Amino acid sequence: MNKCTLPIDCVLAVTYRCNSRCNMCDIWKLKDFPEMSFGEFAKLPASLRDINLSGGEPFLRMDLSDIAREVKKACPRARIVISSNGFATELIVAQMKKILPIMPGIGVAISIDGVGEMHDELRGIKGGFEMAMNTVWELKKMGLKNLRLAFTLMAKNVSHLSKVYDLSRELGVEFTHSFAQSSEFYFGGKQNVDNNPRRDLLDKEYAYLIKSELRSWNLKRWARAYFAHGMFEFVTGNKQVLSNAPGRDFFFLDPSGNIYPSVVHNAVMGNLKSVVINNHHARKSAKRSLGLARDDSEVDTSLPKNDKCFKVFWCSDEMVKKRKQVDAMKIPVWMICTARTAIKKHPWRVAWWVLRNKFF
Ligand code: SF4
């Protein structure tokens, strides 16, 4: 077997069903896209440190609390965040009431692409801004600590970047952002997103965002300033400021279990369902999710733990070949999961950039 390390970051799209009608995405048009049962998530490796439960709209999966529980058991050291469009307030609150007792530290990111009508227009939902903000308030009332506004940058909403950032500061919640990047298999394959924002607006908005984050005395916010700097370089020049390792340090999982190196690398590396389950817990979970009676008699507890099972899959010769193909694609990518792993690998470069930009 080839020597390789296990991934530390991933995005898990648990469903492609969606109740939004976003301009930049066609996922909501997909019908009957296959979904893994919740027990299959027990096959994830414990090496994962950051997991984003995404979609589609993840809260439309009525077994989301079962998925969250399986993910937490399989990856006990992972920080988990659920990304939502925030439109189904009642459903989200009801699901969070089940999830929070299992995972009090879980985060929720609500998409806000602009203030007021800008958000409604981009998300294709009249009154969408109010609906999403209502969810933010309800989650705050529930006492959710790890709450954030997630902004998707497009040509139309550049001037709202600072507005949504300021809104997050007023609300006392975190701010994250991404660039509308689509691919043949992500965002429903939508290829005609207008992602060519005006340069003068980008200069102004990013200068504001980066300065505001650097003004603080908070390491996390400095890292966010660096992330924003990377995003600016990516959007304006298609440049990736730090190298990363798609399909090594991170991956994207679609609802059917297919694993991709990232959301923009169209190369299926394998399917999580094909990971052979040998350990006690994963076998029980798979059976439970399939509605089979628990029968532990045949379980051999001396067999390898989850990580070892995943490693057989992740480090196979086939995977090594796939990674070479991915490297040859040379596609730049800069989003939270890819940037986070890159920042962790290059702390001195990030620290040097922060020092120069904060003090000089
Ligand atoms: S961007 Fe997200 S919320 Fe909008 S349609 Fe696509 S999956 Fe749904």
# chains A, B, ... in the order shown; residues from 1 in each chain; ligands from 1
>>> residues_near_ligand(ligand="ligand 1", cutoff="7 Å", atoms="only C-alpha atoms and all ligand atoms", output="compact mmCIF listing (two decimals) with C-alpha atoms, in the first residue's frame")
# COMPACT_ATOMS: atom_id res chain seq x y z
CA TYR A 16 -29.49 18.04 -3.16
CA CYS A 18 -33.55 22.52 -1.91
CA ASN A 19 -36.33 24.99 -1.15
CA SER A 20 -34.43 27.95 -2.60
CA ARG A 21 -34.37 29.21 -6.20
CA CYS A 22 -30.93 30.77 -6.32
CA MET A 24 -26.24 31.07 -9.26
CA CYS A 25 -27.23 27.46 -8.70
CA ASP A 26 -29.36 24.79 -10.36
CA ILE A 27 -29.24 22.23 -7.55
CA TRP A 28 -32.88 22.95 -6.73
CA GLY A 55 -26.63 20.61 0.54
CA GLY A 56 -28.98 21.47 -1.09
CA GLU A 57 -30.75 22.42 2.08
CA SER A 84 -28.46 26.45 5.48
CA ASN A 85 -30.41 28.96 3.41
CA ARG A 123 -32.06 33.70 -3.88
CA PHE A 187 -24.33 23.94 -8.03
>>> residues_around(residues="A:Ala225", least_positions_apart="5", cutoff="12 Å", atoms="only C-alpha atoms", output="PyMOL selection string")
chain A and resi 175-177+206-220+230-232+343+350-351+353-355+357-358
>>> residues_around(residues="A:Val268", least_positions_apart="5", cutoff="8 Å", atoms="only C-alpha atoms", output="ChimeraX atom specification")
/A:258-261
>>> select_by_dssp(residues="stretch 80-266 of chain A", states="helix (DSSP H, G or I)", output="ChimeraX atom specification")
/A:89-102,117-123,128-141,158-171,187-189,199-214,219-237
>>> decode(residues="stretch 100-149 of chain A", atoms="N, CA and C atoms", output="JSON list (two decimals), in the first residue's frame")
[["chain", "number", "residue", "atom", "x", "y", "z"],
["A", 100, "LEU", "N", -28.92, 19.89, 19.13],
["A", 100, "LEU", "CA", -28.11, 20.58, 20.15],
["A", 100, "LEU", "C", -27.79, 19.74, 21.39],
["A", 101, "PRO", "N", -28.74, 18.93, 21.90],
["A", 101, "PRO", "CA", -28.37, 18.11, 23.06],
["A", 101, "PRO", "C", -27.24, 17.12, 22.75],
["A", 102, "ILE", "N", -27.17, 16.66, 21.48],
["A", 102, "ILE", "CA", -26.10, 15.70, 21.11],
["A", 102, "ILE", "C", -24.79, 16.46, 20.92],
["A", 103, "MET", "N", -24.89, 17.65, 20.32],
["A", 103, "MET", "CA", -23.68, 18.40, 19.96],
["A", 103, "MET", "C", -23.85, 19.88, 20.29],
["A", 104, "PRO", "N", -23.65, 20.27, 21.54],
["A", 104, "PRO", "CA", -23.87, 21.67, 21.92],
["A", 104, "PRO", "C", -22.95, 22.65, 21.19],
["A", 105, "GLY", "N", -21.81, 22.18, 20.71],
["A", 105, "GLY", "CA", -20.86, 23.09, 20.06],
["A", 105, "GLY", "C", -21.08, 23.24, 18.57],
["A", 106, "ILE", "N", -22.09, 22.62, 18.04],
["A", 106, "ILE", "CA", -22.28, 22.65, 16.57],
["A", 106, "ILE", "C", -22.56, 24.09, 16.09],
["A", 107, "GLY", "N", -22.12, 24.38, 14.87],
["A", 107, "GLY", "CA", -22.35, 25.70, 14.31],
["A", 107, "GLY", "C", -23.41, 25.66, 13.21],
["A", 108, "VAL", "N", -24.04, 26.80, 12.98],
["A", 108, "VAL", "CA", -24.97, 26.93, 11.85],
["A", 108, "VAL", "C", -24.60, 28.19, 11.08],
["A", 109, "ALA", "N", -24.47, 28.05, 9.77],
["A", 109, "ALA", "CA", -24.19, 29.21, 8.90],
["A", 109, "ALA", "C", -25.42, 29.47, 8.04],
["A", 110, "ILE", "N", -25.96, 30.67, 8.16],
["A", 110, "ILE", "CA", -27.15, 31.03, 7.36],
["A", 110, "ILE", "C", -26.71, 31.92, 6.20],
["A", 111, "SER", "N", -27.12, 31.55, 5.00],
["A", 111, "SER", "CA", -26.73, 32.33, 3.80],
["A", 111, "SER", "C", -27.44, 33.67, 3.77],
["A", 112, "ILE", "N", -26.66, 34.74, 3.64],
["A", 112, "ILE", "CA", -27.21, 36.08, 3.45],
["A", 112, "ILE", "C", -26.34, 36.73, 2.36],
["A", 113, "ASP", "N", -26.90, 36.90, 1.18],
["A", 113, "ASP", "CA", -26.12, 37.40, 0.04],
["A", 113, "ASP", "C", -26.30, 38.89, -0.21],
["A", 114, "GLY", "N", -26.99, 39.56, 0.69],
["A", 114, "GLY", "CA", -27.20, 40.99, 0.53],
["A", 114, "GLY", "C", -28.26, 41.40, 1.53],
["A", 115, "VAL", "N", -28.39, 42.70, 1.69],
["A", 115, "VAL", "CA", -29.37, 43.19, 2.66],
["A", 115, "VAL", "C", -30.68, 43.49, 1.92],
["A", 116, "GLY", "N", -31.80, 43.00, 2.45],
["A", 116, "GLY", "CA", -33.13, 43.29, 1.88],
["A", 116, "GLY", "C", -33.33, 42.66, 0.52],
["A", 117, "GLU", "N", -33.77, 43.51, -0.43],
["A", 117, "GLU", "CA", -34.18, 42.98, -1.74],
["A", 117, "GLU", "C", -33.05, 42.31, -2.53],
["A", 118, "MET", "N", -31.83, 42.73, -2.27],
["A", 118, "MET", "CA", -30.70, 42.10, -2.98],
["A", 118, "MET", "C", -30.68, 40.59, -2.69],
["A", 119, "HIS", "N", -30.87, 40.23, -1.44],
["A", 119, "HIS", "CA", -30.88, 38.81, -1.07],
["A", 119, "HIS", "C", -32.07, 38.10, -1.74],
["A", 120, "ASP", "N", -33.24, 38.74, -1.68],
["A", 120, "ASP", "CA", -34.44, 38.13, -2.27],
["A", 120, "ASP", "C", -34.21, 37.86, -3.76],
["A", 121, "GLU", "N", -33.62, 38.84, -4.44],
["A", 121, "GLU", "CA", -33.41, 38.71, -5.89],
["A", 121, "GLU", "C", -32.44, 37.56, -6.20],
["A", 122, "LEU", "N", -31.32, 37.52, -5.49],
["A", 122, "LEU", "CA", -30.33, 36.49, -5.79],
["A", 122, "LEU", "C", -30.79, 35.10, -5.40],
["A", 123, "ARG", "N", -31.59, 35.02, -4.34],
["A", 123, "ARG", "CA", -32.06, 33.70, -3.88],
["A", 123, "ARG", "C", -33.39, 33.31, -4.52],
["A", 124, "GLY", "N", -33.99, 34.24, -5.28],
["A", 124, "GLY", "CA", -35.23, 33.92, -6.00],
["A", 124, "GLY", "C", -36.43, 33.68, -5.09],
["A", 125, "ILE", "N", -36.39, 34.24, -3.88],
["A", 125, "ILE", "CA", -37.48, 34.04, -2.92],
["A", 125, "ILE", "C", -37.93, 35.41, -2.40],
["A", 126, "LYS", "N", -39.17, 35.78, -2.67],
["A", 126, "LYS", "CA", -39.67, 37.06, -2.18],
["A", 126, "LYS", "C", -39.75, 37.00, -0.65],
["A", 127, "GLY", "N", -39.24, 38.02, -0.01],
["A", 127, "GLY", "CA", -39.24, 38.03, 1.46],
["A", 127, "GLY", "C", -38.18, 37.12, 2.05],
["A", 128, "GLY", "N", -37.27, 36.64, 1.21],
["A", 128, "GLY", "CA", -36.25, 35.67, 1.66],
["A", 128, "GLY", "C", -35.32, 36.23, 2.72],
["A", 129, "PHE", "N", -34.99, 37.53, 2.60],
["A", 129, "PHE", "CA", -34.08, 38.12, 3.58],
["A", 129, "PHE", "C", -34.70, 38.06, 4.98],
["A", 130, "GLU", "N", -35.97, 38.46, 5.04],
["A", 130, "GLU", "CA", -36.65, 38.45, 6.35],
["A", 130, "GLU", "C", -36.75, 37.04, 6.91],
["A", 131, "MET", "N", -37.05, 36.09, 6.02],
["A", 131, "MET", "CA", -37.18, 34.69, 6.47],
["A", 131, "MET", "C", -35.85, 34.19, 7.05],
["A", 132, "ALA", "N", -34.76, 34.46, 6.32],
["A", 132, "ALA", "CA", -33.45, 33.98, 6.78],
["A", 132, "ALA", "C", -33.05, 34.68, 8.09],
["A", 133, "MET", "N", -33.33, 36.00, 8.17],
["A", 133, "MET", "CA", -32.98, 36.73, 9.39],
["A", 133, "MET", "C", -33.82, 36.26, 10.58],
["A", 134, "ASN", "N", -35.06, 35.90, 10.30],
["A", 134, "ASN", "CA", -35.92, 35.36, 11.35],
["A", 134, "ASN", "C", -35.30, 34.09, 11.94],
["A", 135, "THR", "N", -34.75, 33.26, 11.05],
["A", 135, "THR", "CA", -34.09, 32.03, 11.51],
["A", 135, "THR", "C", -32.89, 32.37, 12.39],
["A", 136, "VAL", "N", -32.12, 33.39, 11.95],
["A", 136, "VAL", "CA", -30.96, 33.80, 12.75],
["A", 136, "VAL", "C", -31.43, 34.18, 14.16],
["A", 137, "TRP", "N", -32.50, 34.98, 14.25],
["A", 137, "TRP", "CA", -33.00, 35.41, 15.56],
["A", 137, "TRP", "C", -33.48, 34.22, 16.39],
["A", 138, "GLU", "N", -34.18, 33.29, 15.74],
["A", 138, "GLU", "CA", -34.70, 32.12, 16.48],
["A", 138, "GLU", "C", -33.54, 31.28, 17.02],
["A", 139, "LEU", "N", -32.51, 31.12, 16.21],
["A", 139, "LEU", "CA", -31.36, 30.32, 16.66],
["A", 139, "LEU", "C", -30.62, 31.03, 17.78],
["A", 140, "LYS", "N", -30.56, 32.35, 17.70],
["A", 140, "LYS", "CA", -29.93, 33.12, 18.79],
["A", 140, "LYS", "C", -30.74, 32.93, 20.07],
["A", 141, "LYS", "N", -32.08, 32.99, 19.92],
["A", 141, "LYS", "CA", -32.94, 32.82, 21.10],
["A", 141, "LYS", "C", -32.74, 31.45, 21.74],
["A", 142, "MET", "N", -32.47, 30.44, 20.91],
["A", 142, "MET", "CA", -32.25, 29.09, 21.44],
["A", 142, "MET", "C", -30.92, 28.99, 22.20],
["A", 143, "GLY", "N", -30.10, 30.02, 22.04],
["A", 143, "GLY", "CA", -28.81, 30.02, 22.73],
["A", 143, "GLY", "C", -27.69, 29.42, 21.91],
["A", 144, "LEU", "N", -27.91, 29.29, 20.59],
["A", 144, "LEU", "CA", -26.83, 28.76, 19.74],
["A", 144, "LEU", "C", -25.66, 29.74, 19.73],
["A", 145, "LYS", "N", -24.50, 29.27, 20.15],
["A", 145, "LYS", "CA", -23.34, 30.17, 20.26],
["A", 145, "LYS", "C", -22.63, 30.31, 18.92],
["A", 146, "ASN", "N", -22.51, 29.20, 18.22],
["A", 146, "ASN", "CA", -21.72, 29.17, 17.00],
["A", 146, "ASN", "C", -22.62, 29.44, 15.78],
["A", 147, "LEU", "N", -22.88, 30.74, 15.58],
["A", 147, "LEU", "CA", -23.81, 31.14, 14.53],
["A", 147, "LEU", "C", -23.08, 32.10, 13.59],
["A", 148, "ARG", "N", -23.31, 31.96, 12.29],
["A", 148, "ARG", "CA", -22.60, 32.85, 11.35],
["A", 148, "ARG", "C", -23.46, 33.20, 10.14],
["A", 149, "LEU", "N", -23.14, 34.33, 9.53],
["A", 149, "LEU", "CA", -23.77, 34.70, 8.27],
["A", 149, "LEU", "C", -22.78, 34.33, 7.16]]
